[in-house]
Amino acid sequence: MAQPAWQEPVLLPVDTAPVPEYGSGSLCDLLPTLVAGQGVPGFAAAIPELAPADRNCVFLIDGLGWEQIGAHPDEAPFLHSLLPTSRGGTGRPITAGFPATTATSLASVGTGLPPGEHGLPGYTVRDPGTGELMNQLRWRPWTPPKAWQPHPTVFGLADAAGVRTAQVSAPAFEQTPLTKVALSGGSFLGRLSGEERMDTAAERLAAGDRSLVYTYYSEVDGMGHRFGIDSDAWRGQLMYVDGLARRLAEQLPARSALYITADHGMIDIPFDEQSRIDFDEDWELRAGVALLGGEGRARHVYAVPGAEADVLTVWREVLGEQFWVASRDEAIEAGWFGPRIDERVHGRIGDVVAAARDDVVITASVNEPHESAMVGMHGSMTPVEQLVPLLEVRS
């Protein structure tokens with residue numbers, strides 16, 4: 001809530017943002033922990049609560065955060081019943097990473113690295129080599145994948161070490177650059193229906209004495225974006241994916257661990273001027289800005305050369321009661337993108353980074369009409385977006 005006009009605004013200090021648990025309880029720690037337990041060289045168990053298993057399966061449900069499962073016991077009875085198993089039986093979630101968005105999170109899962117190292121630190125970020133915005137989910141404009149993300153995937157390293165490794169997902173994802181840089185290694189098995197994916201994942205899990213299988217479902221996120229997490233369409237998808245999770249759990253071969261997780265949560269944002277601040281219509285926020293990247297709740301702001309300090313000052317003055325607004329160096333120092341930043345990644349991070357605390361987004365109605373029309377949003381470090389499940393079933 002804004003302060004009365006006669007009072008100075010109370011700005012959110014950068015160091016009060018709830019930074020993800022990189023190194024002990026975030027998505028980038030999951031696969032390294034699992035393959036360390038399978039004896040793959042070069043990895044250590046980063047999430048200490050997890051016990052090793054010979055066969056590991058990760059089922060990632062796009063957009064299904066910890067708080068959404070907790071709030072819907074009737075629509076997701078199976079997933080809700082597993083909440084006490086999360087994070088090795090502690091009943092606690094893990095964190096997605098910042099920003100809490102699909103491209104960043106999938107790269108964190110697949111590489112076992114935080115965003116500052118794998119180099120996908122947002123939905124759209126500036127390519128320092130071209131000066132253009134690069135959409136890292138849709139990979140537009142096309143950019144050489146290995147140059148953009150050169151680190152090996154955990155899947156590839158596990159496969160080379162003799163672990164039977166497979167990804168089971170929609171056929172359309174097999175050749176995408178994001179799959180190649182984040183989720184490649186072993187076999188890719190394209191299956192159209194959710195039921196086929198669950199059955200195939202169970203089969204591949206049983207195919208080796210040591211196996212690592214990843215499977216994915218996207219439409220919970222899709223319905224949330226289009227209709228919101230308070231919609232019947234979203235609840236229908238939740239009911240469906242709850243059945244998929246049960247189907248997979250009931251087919252686990254011996255000596256297996258199934259982990260059900262997500263890439264981020266989601267929050268519905270009202271369609272009013274207080275909740276949706278339109279960058280394209282706001283002369284103050286546009287002043288001195290060359291490019292607006294990121295997404296509504298996690299913005300990368302790239303200033304015209306020489307205007308960086310002025311842009312930071314204005315964004316803090318306008319948004320600092322509702323957003324954590326940091327300079328690039330402040331966000332890096334606070335650990336928002338992880339403990340280390342690769343040199344090639346430094347310039348991809350905004351001169352100013354703005355992460356929402358309140359139920360508000362920065363839209364761009366002219367340049368981002370599709371994204372601006374979404375009901376459900378995500379990206380920031382609030383619990384509803386950042387906390388994701390790590391539900392566990394063992395056989």
# chains A, B, ... in the order shown; residues from 1 in each chain; ligands from 1
>>> residues_around(residues="A:Ala303", least_positions_apart="4", cutoff="7 Å", atoms="only C-alpha atoms", output="MDAnalysis selection string")
chainID A and resid 288:291 307:308 311 351
>>> write_last_selection(atoms="C-alpha atoms", output="JSON list (two decimals), in the first residue's frame")
[["chain", "number", "residue", "atom", "x", "y", "z"],
["A", 288, "GLY", "CA", 16.55, 6.17, -20.30],
["A", 289, "VAL", "CA", 15.57, 2.53, -21.00],
["A", 290, "ALA", "CA", 16.89, 0.93, -24.18],
["A", 291, "LEU", "CA", 15.37, -2.54, -23.68],
["A", 307, "ALA", "CA", 21.69, 6.44, -17.90],
["A", 308, "GLU", "CA", 22.07, 3.41, -15.61],
["A", 311, "VAL", "CA", 17.07, 4.52, -14.40],
["A", 351, "ASP", "CA", 21.39, -2.89, -15.47]]
>>> residues_around(residues="A:Ala46", least_positions_apart="5", cutoff="8 Å", atoms="only C-alpha atoms", output="list in words")
Gly23, Ser24, Gly25, Asp29, Leu30, Pro32 and Thr33 of chain A
>>> write_last_selection(atoms="N, CA and C atoms", output="JSON list (two decimals), in the first residue's frame")
[["chain", "number", "residue", "atom", "x", "y", "z"],
["A", 23, "GLY", "N", 22.52, -24.43, -3.59],
["A", 23, "GLY", "CA", 23.56, -25.21, -2.93],
["A", 23, "GLY", "C", 23.07, -26.17, -1.89],
["A", 24, "SER", "N", 21.80, -26.06, -1.49],
["A", 24, "SER", "CA", 21.30, -26.98, -0.46],
["A", 24, "SER", "C", 19.84, -27.35, -0.62],
["A", 25, "GLY", "N", 19.06, -26.56, -1.40],
["A", 25, "GLY", "CA", 17.65, -26.85, -1.50],
["A", 25, "GLY", "C", 16.96, -26.14, -2.63],
["A", 29, "ASP", "N", 20.04, -28.25, -7.42],
["A", 29, "ASP", "CA", 20.69, -29.23, -6.55],
["A", 29, "ASP", "C", 20.11, -30.63, -6.68],
["A", 30, "LEU", "N", 18.98, -30.77, -7.39],
["A", 30, "LEU", "CA", 18.28, -32.05, -7.39],
["A", 30, "LEU", "C", 19.04, -33.14, -8.13],
["A", 32, "PRO", "N", 22.20, -33.32, -9.30],
["A", 32, "PRO", "CA", 23.49, -33.67, -8.72],
["A", 32, "PRO", "C", 23.36, -34.58, -7.49],
["A", 33, "THR", "N", 22.35, -34.35, -6.67],
["A", 33, "THR", "CA", 22.15, -35.19, -5.50],
["A", 33, "THR", "C", 21.78, -36.61, -5.91]]
>>> residues_around(residues="stretch 134-150 of chain A", least_positions_apart="6", cutoff="6 Å", atoms="only C-alpha atoms", output="PDB file with all heavy atoms, in the first residue's frame")
ATOM      1  N   ALA A 103      12.246 -21.431 -18.577  1.00  0.00           N
ATOM      2  CA  ALA A 103      13.549 -21.616 -19.218  1.00  0.00           C
ATOM      3  C   ALA A 103      14.666 -21.645 -18.194  1.00  0.00           C
ATOM      4  O   ALA A 103      15.571 -22.498 -18.252  1.00  0.00           O
ATOM      5  CB  ALA A 103      13.798 -20.499 -20.235  1.00  0.00           C
ATOM      6  N   HIS A 118      24.651 -21.270 -15.589  1.00  0.00           N
ATOM      7  CA  HIS A 118      24.172 -21.834 -16.863  1.00  0.00           C
ATOM      8  C   HIS A 118      23.826 -20.741 -17.866  1.00  0.00           C
ATOM      9  O   HIS A 118      23.876 -20.967 -19.069  1.00  0.00           O
ATOM     10  CB  HIS A 118      23.034 -22.830 -16.654  1.00  0.00           C
ATOM     11  CG  HIS A 118      21.756 -22.299 -16.074  1.00  0.00           C
ATOM     12  ND1 HIS A 118      21.001 -21.304 -16.651  1.00  0.00           N
ATOM     13  CD2 HIS A 118      21.066 -22.683 -14.958  1.00  0.00           C
ATOM     14  CE1 HIS A 118      19.912 -21.090 -15.935  1.00  0.00           C
ATOM     15  NE2 HIS A 118      19.932 -21.902 -14.893  1.00  0.00           N
ATOM     16  N   TYR A 123      13.281 -14.878 -18.755  1.00  0.00           N
ATOM     17  CA  TYR A 123      12.442 -15.221 -19.910  1.00  0.00           C
ATOM     18  C   TYR A 123      13.023 -14.593 -21.173  1.00  0.00           C
ATOM     19  O   TYR A 123      13.249 -15.276 -22.172  1.00  0.00           O
ATOM     20  CB  TYR A 123      11.014 -14.743 -19.643  1.00  0.00           C
ATOM     21  CG  TYR A 123      10.059 -14.924 -20.795  1.00  0.00           C
ATOM     22  CD1 TYR A 123       9.764 -16.191 -21.294  1.00  0.00           C
ATOM     23  CD2 TYR A 123       9.420 -13.825 -21.381  1.00  0.00           C
ATOM     24  CE1 TYR A 123       8.879 -16.365 -22.350  1.00  0.00           C
ATOM     25  CE2 TYR A 123       8.524 -13.981 -22.428  1.00  0.00           C
ATOM     26  CZ  TYR A 123       8.256 -15.254 -22.911  1.00  0.00           C
ATOM     27  OH  TYR A 123       7.378 -15.415 -23.949  1.00  0.00           O
ATOM     28  N   THR A 124      13.274 -13.282 -21.134  1.00  0.00           N
ATOM     29  CA  THR A 124      14.024 -12.624 -22.202  1.00  0.00           C
ATOM     30  C   THR A 124      15.161 -11.838 -21.570  1.00  0.00           C
ATOM     31  O   THR A 124      14.984 -11.186 -20.535  1.00  0.00           O
ATOM     32  CB  THR A 124      13.149 -11.663 -23.039  1.00  0.00           C
ATOM     33  OG1 THR A 124      12.613 -10.644 -22.192  1.00  0.00           O
ATOM     34  CG2 THR A 124      12.020 -12.405 -23.720  1.00  0.00           C
ATOM     35  N   VAL A 125      16.340 -11.925 -22.168  1.00  0.00           N
ATOM     36  CA  VAL A 125      17.501 -11.186 -21.680  1.00  0.00           C
ATOM     37  C   VAL A 125      18.269 -10.632 -22.878  1.00  0.00           C
ATOM     38  O   VAL A 125      18.138 -11.121 -24.003  1.00  0.00           O
ATOM     39  CB  VAL A 125      18.443 -12.069 -20.823  1.00  0.00           C
ATOM     40  CG1 VAL A 125      17.729 -12.602 -19.602  1.00  0.00           C
ATOM     41  CG2 VAL A 125      19.046 -13.202 -21.639  1.00  0.00           C
ATOM     42  N   ARG A 126      19.078  -9.623 -22.617  1.00  0.00           N
ATOM     43  CA  ARG A 126      19.871  -9.034 -23.692  1.00  0.00           C
ATOM     44  C   ARG A 126      21.055  -9.926 -24.041  1.00  0.00           C
ATOM     45  O   ARG A 126      21.758 -10.432 -23.162  1.00  0.00           O
ATOM     46  CB  ARG A 126      20.382  -7.654 -23.283  1.00  0.00           C
ATOM     47  CG  ARG A 126      21.169  -6.931 -24.381  1.00  0.00           C
ATOM     48  CD  ARG A 126      21.648  -5.570 -23.928  1.00  0.00           C
ATOM     49  NE  ARG A 126      22.578  -5.694 -22.787  1.00  0.00           N
ATOM     50  CZ  ARG A 126      23.051  -4.645 -22.119  1.00  0.00           C
ATOM     51  NH1 ARG A 126      22.679  -3.415 -22.448  1.00  0.00           N
ATOM     52  NH2 ARG A 126      23.884  -4.825 -21.117  1.00  0.00           N
ATOM     53  N   PRO A 177      16.213 -25.973 -29.080  1.00  0.00           N
ATOM     54  CA  PRO A 177      17.493 -25.592 -28.480  1.00  0.00           C
ATOM     55  C   PRO A 177      17.483 -25.677 -26.956  1.00  0.00           C
ATOM     56  O   PRO A 177      18.490 -26.056 -26.354  1.00  0.00           O
ATOM     57  CB  PRO A 177      17.693 -24.158 -28.967  1.00  0.00           C
ATOM     58  CG  PRO A 177      16.943 -24.084 -30.253  1.00  0.00           C
ATOM     59  CD  PRO A 177      15.737 -24.945 -30.042  1.00  0.00           C
TER      60      PRO A 177
END
>>> select_by_dssp(residues="stretch 40-274 of chain A", states="helix (DSSP H, G or I)", output="NGL selection string")
:A and (66-70 or 77-81 or 83-89 or 102-111 or 115-118 or 145-148 or 154-160 or 171-173 or 177-182 or 194-205 or 219-227 or 232-249)
>>> closest_residue(among="A:Pro77, A:Gly224, A:Pro369, A:Gly243", to="A:Asp268", atoms="only C-alpha atoms")
A:Gly224
>>> residues_around(residues="stretch 65-74 of chain A", least_positions_apart="6", cutoff="6 Å", atoms="only C-alpha atoms", output="PyMOL selection string")
chain A and resi 80+264-265+384+387-389
>>> closest_residue(among="A:Gln322, A:Asn367, A:Gln251, A:Ser86", to="A:Gln274", atoms="only C-alpha atoms")
A:Gln322
>>> residues_around(residues="stretch 196-207 of chain A", least_positions_apart="5", cutoff="10 Å", atoms="only C-alpha atoms", output="PDB file with N, CA, C and O atoms, in the first residue's frame")
ATOM      1  N   ASP A  54      18.828 -46.566  -6.585  1.00  0.00           N
ATOM      2  CA  ASP A  54      19.437 -47.046  -7.825  1.00  0.00           C
ATOM      3  C   ASP A  54      18.749 -46.478  -9.056  1.00  0.00           C
ATOM      4  O   ASP A  54      19.376 -46.230 -10.080  1.00  0.00           O
ATOM      5  N   ARG A  55      17.424 -46.308  -8.938  1.00  0.00           N
ATOM      6  CA  ARG A  55      16.629 -45.818 -10.063  1.00  0.00           C
ATOM      7  C   ARG A  55      15.901 -44.550  -9.618  1.00  0.00           C
ATOM      8  O   ARG A  55      15.149 -44.572  -8.645  1.00  0.00           O
ATOM      9  N   ASN A  56      16.123 -43.468 -10.350  1.00  0.00           N
ATOM     10  CA  ASN A  56      15.516 -42.185 -10.000  1.00  0.00           C
ATOM     11  C   ASN A  56      14.684 -41.663 -11.155  1.00  0.00           C
ATOM     12  O   ASN A  56      15.123 -41.668 -12.308  1.00  0.00           O
ATOM     13  N   CYS A  57      13.476 -41.202 -10.832  1.00  0.00           N
ATOM     14  CA  CYS A  57      12.602 -40.595 -11.819  1.00  0.00           C
ATOM     15  C   CYS A  57      12.177 -39.222 -11.313  1.00  0.00           C
ATOM     16  O   CYS A  57      11.753 -39.082 -10.157  1.00  0.00           O
ATOM     17  N   VAL A  58      12.299 -38.207 -12.167  1.00  0.00           N
ATOM     18  CA  VAL A  58      11.844 -36.858 -11.859  1.00  0.00           C
ATOM     19  C   VAL A  58      10.669 -36.539 -12.770  1.00  0.00           C
ATOM     20  O   VAL A  58      10.798 -36.581 -13.996  1.00  0.00           O
ATOM     21  N   PHE A  59       9.515 -36.244 -12.170  1.00  0.00           N
ATOM     22  CA  PHE A  59       8.330 -35.823 -12.902  1.00  0.00           C
ATOM     23  C   PHE A  59       8.131 -34.345 -12.608  1.00  0.00           C
ATOM     24  O   PHE A  59       7.775 -33.975 -11.494  1.00  0.00           O
ATOM     25  N   ARG A 164      21.469 -45.594 -17.078  1.00  0.00           N
ATOM     26  CA  ARG A 164      20.517 -45.599 -18.191  1.00  0.00           C
ATOM     27  C   ARG A 164      19.627 -44.365 -18.075  1.00  0.00           C
ATOM     28  O   ARG A 164      18.827 -44.251 -17.151  1.00  0.00           O
ATOM     29  N   THR A 165      19.780 -43.450 -19.024  1.00  0.00           N
ATOM     30  CA  THR A 165      19.200 -42.116 -18.899  1.00  0.00           C
ATOM     31  C   THR A 165      18.203 -41.866 -20.024  1.00  0.00           C
ATOM     32  O   THR A 165      18.464 -42.212 -21.180  1.00  0.00           O
ATOM     33  N   ALA A 166      17.073 -41.247 -19.676  1.00  0.00           N
ATOM     34  CA  ALA A 166      16.057 -40.964 -20.682  1.00  0.00           C
ATOM     35  C   ALA A 166      15.227 -39.762 -20.282  1.00  0.00           C
ATOM     36  O   ALA A 166      15.028 -39.489 -19.093  1.00  0.00           O
ATOM     37  N   GLN A 167      14.754 -39.027 -21.308  1.00  0.00           N
ATOM     38  CA  GLN A 167      13.758 -37.979 -21.129  1.00  0.00           C
ATOM     39  C   GLN A 167      12.499 -38.395 -21.878  1.00  0.00           C
ATOM     40  O   GLN A 167      12.581 -38.830 -23.038  1.00  0.00           O
ATOM     41  N   VAL A 168      11.363 -38.280 -21.226  1.00  0.00           N
ATOM     42  CA  VAL A 168      10.078 -38.646 -21.831  1.00  0.00           C
ATOM     43  C   VAL A 168       9.202 -37.405 -21.814  1.00  0.00           C
ATOM     44  O   VAL A 168       8.810 -36.922 -20.754  1.00  0.00           O
ATOM     45  N   SER A 169       8.912 -36.875 -23.004  1.00  0.00           N
ATOM     46  CA  SER A 169       8.184 -35.613 -23.067  1.00  0.00           C
ATOM     47  C   SER A 169       7.417 -35.547 -24.375  1.00  0.00           C
ATOM     48  O   SER A 169       7.367 -36.521 -25.139  1.00  0.00           O
ATOM     49  N   ALA A 170       6.792 -34.409 -24.650  1.00  0.00           N
ATOM     50  CA  ALA A 170       6.074 -34.230 -25.912  1.00  0.00           C
ATOM     51  C   ALA A 170       7.059 -34.292 -27.077  1.00  0.00           C
ATOM     52  O   ALA A 170       8.166 -33.742 -26.991  1.00  0.00           O
ATOM     53  N   SER A 187      18.531 -41.054 -23.967  1.00  0.00           N
ATOM     54  CA  SER A 187      17.490 -41.197 -24.986  1.00  0.00           C
ATOM     55  C   SER A 187      16.370 -40.192 -24.770  1.00  0.00           C
ATOM     56  O   SER A 187      15.955 -39.952 -23.634  1.00  0.00           O
ATOM     57  N   LEU A 189      12.448 -39.762 -25.658  1.00  0.00           N
ATOM     58  CA  LEU A 189      11.308 -40.559 -26.089  1.00  0.00           C
ATOM     59  C   LEU A 189      10.082 -39.652 -26.123  1.00  0.00           C
ATOM     60  O   LEU A 189       9.569 -39.251 -25.084  1.00  0.00           O
ATOM     61  N   GLY A 190       9.640 -39.329 -27.338  1.00  0.00           N
ATOM     62  CA  GLY A 190       8.487 -38.464 -27.483  1.00  0.00           C
ATOM     63  C   GLY A 190       7.184 -39.231 -27.368  1.00  0.00           C
ATOM     64  O   GLY A 190       6.985 -40.227 -28.066  1.00  0.00           O
ATOM     65  N   ARG A 191       6.306 -38.787 -26.489  1.00  0.00           N
ATOM     66  CA  ARG A 191       4.998 -39.420 -26.297  1.00  0.00           C
ATOM     67  C   ARG A 191       3.948 -38.316 -26.195  1.00  0.00           C
ATOM     68  O   ARG A 191       4.110 -37.359 -25.438  1.00  0.00           O
ATOM     69  N   LEU A 212      18.075 -43.091 -14.711  1.00  0.00           N
ATOM     70  CA  LEU A 212      17.656 -41.725 -14.422  1.00  0.00           C
ATOM     71  C   LEU A 212      16.689 -41.317 -15.520  1.00  0.00           C
ATOM     72  O   LEU A 212      17.062 -41.252 -16.688  1.00  0.00           O
ATOM     73  N   VAL A 213      15.443 -41.064 -15.148  1.00  0.00           N
ATOM     74  CA  VAL A 213      14.391 -40.748 -16.113  1.00  0.00           C
ATOM     75  C   VAL A 213      13.746 -39.425 -15.730  1.00  0.00           C
ATOM     76  O   VAL A 213      13.437 -39.188 -14.552  1.00  0.00           O
ATOM     77  N   TYR A 214      13.539 -38.578 -16.727  1.00  0.00           N
ATOM     78  CA  TYR A 214      12.872 -37.281 -16.535  1.00  0.00           C
ATOM     79  C   TYR A 214      11.635 -37.263 -17.406  1.00  0.00           C
ATOM     80  O   TYR A 214      11.680 -37.636 -18.588  1.00  0.00           O
ATOM     81  N   THR A 215      10.507 -36.841 -16.841  1.00  0.00           N
ATOM     82  CA  THR A 215       9.304 -36.662 -17.638  1.00  0.00           C
ATOM     83  C   THR A 215       8.621 -35.368 -17.228  1.00  0.00           C
ATOM     84  O   THR A 215       8.872 -34.834 -16.143  1.00  0.00           O
ATOM     85  N   TYR A 216       7.742 -34.861 -18.106  1.00  0.00           N
ATOM     86  CA  TYR A 216       7.309 -33.467 -18.011  1.00  0.00           C
ATOM     87  C   TYR A 216       5.878 -33.341 -18.500  1.00  0.00           C
ATOM     88  O   TYR A 216       5.454 -34.020 -19.436  1.00  0.00           O
ATOM     89  N   TYR A 217       5.140 -32.420 -17.851  1.00  0.00           N
ATOM     90  CA  TYR A 217       3.784 -32.103 -18.294  1.00  0.00           C
ATOM     91  C   TYR A 217       3.590 -30.599 -18.189  1.00  0.00           C
ATOM     92  O   TYR A 217       3.890 -29.997 -17.148  1.00  0.00           O
ATOM     93  N   LEU A 244      -2.171 -38.600 -13.273  1.00  0.00           N
ATOM     94  CA  LEU A 244      -0.931 -39.029 -13.927  1.00  0.00           C
ATOM     95  C   LEU A 244       0.135 -39.395 -12.894  1.00  0.00           C
ATOM     96  O   LEU A 244       0.835 -40.409 -13.042  1.00  0.00           O
ATOM     97  N   ALA A 245       0.267 -38.568 -11.879  1.00  0.00           N
ATOM     98  CA  ALA A 245       1.272 -38.840 -10.847  1.00  0.00           C
ATOM     99  C   ALA A 245       0.983 -40.162 -10.155  1.00  0.00           C
ATOM    100  O   ALA A 245       1.898 -40.965  -9.892  1.00  0.00           O
ATOM    101  N   ARG A 246      -0.272 -40.417  -9.840  1.00  0.00           N
ATOM    102  CA  ARG A 246      -0.637 -41.695  -9.211  1.00  0.00           C
ATOM    103  C   ARG A 246      -0.338 -42.862 -10.152  1.00  0.00           C
ATOM    104  O   ARG A 246       0.168 -43.912  -9.723  1.00  0.00           O
ATOM    105  N   ARG A 247      -0.638 -42.687 -11.426  1.00  0.00           N
ATOM    106  CA  ARG A 247      -0.400 -43.753 -12.409  1.00  0.00           C
ATOM    107  C   ARG A 247       1.082 -44.125 -12.459  1.00  0.00           C
ATOM    108  O   ARG A 247       1.436 -45.306 -12.471  1.00  0.00           O
ATOM    109  N   LEU A 248       1.944 -43.108 -12.455  1.00  0.00           N
ATOM    110  CA  LEU A 248       3.381 -43.373 -12.484  1.00  0.00           C
ATOM    111  C   LEU A 248       3.842 -44.019 -11.180  1.00  0.00           C
ATOM    112  O   LEU A 248       4.614 -44.995 -11.194  1.00  0.00           O
ATOM    113  N   ALA A 249       3.372 -43.513 -10.067  1.00  0.00           N
ATOM    114  CA  ALA A 249       3.798 -44.041  -8.764  1.00  0.00           C
ATOM    115  C   ALA A 249       3.432 -45.511  -8.614  1.00  0.00           C
ATOM    116  O   ALA A 249       4.178 -46.293  -8.003  1.00  0.00           O
ATOM    117  N   GLU A 250       2.291 -45.900  -9.154  1.00  0.00           N
ATOM    118  CA  GLU A 250       1.836 -47.283  -9.005  1.00  0.00           C
ATOM    119  C   GLU A 250       2.606 -48.251  -9.896  1.00  0.00           C
ATOM    120  O   GLU A 250       2.470 -49.472  -9.736  1.00  0.00           O
ATOM    121  N   GLN A 251       3.430 -47.729 -10.827  1.00  0.00           N
ATOM    122  CA  GLN A 251       4.195 -48.602 -11.728  1.00  0.00           C
ATOM    123  C   GLN A 251       5.686 -48.627 -11.416  1.00  0.00           C
ATOM    124  O   GLN A 251       6.458 -49.218 -12.193  1.00  0.00           O
ATOM    125  N   LEU A 252       6.116 -48.030 -10.333  1.00  0.00           N
ATOM    126  CA  LEU A 252       7.549 -47.952 -10.068  1.00  0.00           C
ATOM    127  C   LEU A 252       8.154 -49.346  -9.933  1.00  0.00           C
ATOM    128  O   LEU A 252       7.662 -50.173  -9.171  1.00  0.00           O
ATOM    129  N   PRO A 253       9.257 -49.609 -10.634  1.00  0.00           N
ATOM    130  CA  PRO A 253       9.963 -50.875 -10.409  1.00  0.00           C
ATOM    131  C   PRO A 253      10.698 -50.844  -9.069  1.00  0.00           C
ATOM    132  O   PRO A 253      10.764 -49.821  -8.397  1.00  0.00           O
ATOM    133  N   ALA A 254      11.242 -51.981  -8.699  1.00  0.00           N
ATOM    134  CA  ALA A 254      11.953 -52.080  -7.416  1.00  0.00           C
ATOM    135  C   ALA A 254      13.143 -51.127  -7.382  1.00  0.00           C
ATOM    136  O   ALA A 254      13.713 -50.755  -8.410  1.00  0.00           O
ATOM    137  N   ARG A 255      13.502 -50.699  -6.176  1.00  0.00           N
ATOM    138  CA  ARG A 255      14.673 -49.867  -5.906  1.00  0.00           C
ATOM    139  C   ARG A 255      14.594 -48.510  -6.591  1.00  0.00           C
ATOM    140  O   ARG A 255      15.585 -47.955  -7.042  1.00  0.00           O
ATOM    141  N   SER A 256      13.375 -47.971  -6.651  1.00  0.00           N
ATOM    142  CA  SER A 256      13.156 -46.705  -7.350  1.00  0.00           C
ATOM    143  C   SER A 256      12.734 -45.608  -6.383  1.00  0.00           C
ATOM    144  O   SER A 256      12.101 -45.859  -5.360  1.00  0.00           O
ATOM    145  N   ALA A 257      13.072 -44.377  -6.779  1.00  0.00           N
ATOM    146  CA  ALA A 257      12.559 -43.180  -6.110  1.00  0.00           C
ATOM    147  C   ALA A 257      11.967 -42.271  -7.173  1.00  0.00           C
ATOM    148  O   ALA A 257      12.622 -41.970  -8.181  1.00  0.00           O
ATOM    149  N   LEU A 258      10.713 -41.870  -6.968  1.00  0.00           N
ATOM    150  CA  LEU A 258      10.048 -40.910  -7.836  1.00  0.00           C
ATOM    151  C   LEU A 258       9.995 -39.574  -7.112  1.00  0.00           C
ATOM    152  O   LEU A 258       9.553 -39.502  -5.955  1.00  0.00           O
TER     153      LEU A 258
END
>>> closest_residue(among="A:Asp242, A:Glu195, A:Asp263, A:Pro20", to="A:Val109", atoms="only C-alpha atoms")
A:Asp263
>>> residues_around(residues="A:Gly294", least_positions_apart="3", cutoff="12 Å", atoms="only C-alpha atoms", output="JSON, numbers by chain")
{"A": [98, 99, 100, 101, 102, 103, 104, 120, 121, 122, 123, 124, 125, 126, 133, 134, 135, 136, 137, 291, 297, 298, 299, 300, 301, 302, 348, 349, 350, 352, 353, 354, 355, 361, 362, 363, 364, 368, 371, 378, 379, 380]}
>>> atom_distance(atom1="atom CA of A:Thr95", atom2="atom CA of A:Gly37")
21.0 Å
>>> residues_around(residues="A:Val163", least_positions_apart="2", cutoff="8 Å", atoms="only C-alpha atoms", output="tab-separated table (two decimals) with all heavy atoms, in the first residue's frame")
chain	number	residue	atom	x	y	z
A	38	GLN	N	24.01	-42.40	-7.17
A	38	GLN	CA	24.18	-43.49	-8.12
A	38	GLN	C	25.65	-43.73	-8.48
A	38	GLN	O	25.95	-44.55	-9.34
A	38	GLN	CB	23.38	-43.21	-9.40
A	38	GLN	CG	21.87	-43.21	-9.17
A	38	GLN	CD	21.10	-42.79	-10.40
A	38	GLN	OE1	21.42	-41.78	-11.04
A	38	GLN	NE2	20.09	-43.56	-10.76
A	158	ALA	N	25.72	-38.43	-16.59
A	158	ALA	CA	25.25	-39.68	-15.99
A	158	ALA	C	25.23	-40.80	-17.02
A	158	ALA	O	25.64	-41.94	-16.74
A	158	ALA	CB	23.86	-39.48	-15.39
A	159	ASP	N	24.77	-40.47	-18.23
A	159	ASP	CA	24.74	-41.48	-19.29
A	159	ASP	C	26.15	-41.98	-19.61
A	159	ASP	O	26.38	-43.19	-19.78
A	159	ASP	CB	24.08	-40.87	-20.53
A	159	ASP	CG	23.90	-41.88	-21.64
A	159	ASP	OD1	23.10	-42.82	-21.47
A	159	ASP	OD2	24.56	-41.74	-22.69
A	160	ALA	N	27.11	-41.06	-19.66
A	160	ALA	CA	28.49	-41.45	-19.94
A	160	ALA	C	29.07	-42.32	-18.83
A	160	ALA	O	30.00	-43.10	-19.08
A	160	ALA	CB	29.35	-40.20	-20.13
A	161	ALA	N	28.53	-42.19	-17.61
A	161	ALA	CA	29.01	-42.98	-16.48
A	161	ALA	C	28.27	-44.31	-16.34
A	161	ALA	O	28.48	-45.02	-15.35
A	161	ALA	CB	28.86	-42.18	-15.19
A	165	THR	N	19.78	-43.45	-19.02
A	165	THR	CA	19.20	-42.12	-18.90
A	165	THR	C	18.20	-41.87	-20.02
A	165	THR	O	18.46	-42.21	-21.18
A	165	THR	CB	20.32	-41.05	-18.95
A	165	THR	OG1	21.30	-41.36	-17.97
A	165	THR	CG2	19.77	-39.67	-18.69
A	208	GLY	N	17.28	-50.36	-16.59
A	208	GLY	CA	18.67	-50.45	-16.16
A	208	GLY	C	18.78	-50.70	-14.67
A	208	GLY	O	17.87	-50.39	-13.90
A	210	ARG	N	20.92	-49.12	-12.90
A	210	ARG	CA	20.94	-47.72	-12.47
A	210	ARG	C	20.29	-46.92	-13.59
A	210	ARG	O	20.71	-47.01	-14.74
A	210	ARG	CB	22.37	-47.23	-12.25
A	210	ARG	CG	23.11	-47.85	-11.07
A	210	ARG	CD	24.49	-47.21	-10.92
A	210	ARG	NE	25.28	-47.35	-12.12
A	210	ARG	CZ	26.32	-46.55	-12.45
A	210	ARG	NH1	26.65	-45.54	-11.66
A	210	ARG	NH2	27.00	-46.76	-13.55
A	211	SER	N	19.27	-46.15	-13.25
A	211	SER	CA	18.56	-45.41	-14.29
A	211	SER	C	18.16	-44.04	-13.77
A	211	SER	O	17.94	-43.83	-12.57
A	211	SER	CB	17.34	-46.18	-14.79
A	211	SER	OG	16.53	-46.61	-13.71
A	212	LEU	N	18.08	-43.09	-14.71
A	212	LEU	CA	17.66	-41.73	-14.42
A	212	LEU	C	16.69	-41.32	-15.52
A	212	LEU	O	17.06	-41.25	-16.69
A	212	LEU	CB	18.86	-40.78	-14.39
A	212	LEU	CG	18.55	-39.29	-14.22
A	212	LEU	CD1	17.93	-39.01	-12.86
A	212	LEU	CD2	19.82	-38.45	-14.42
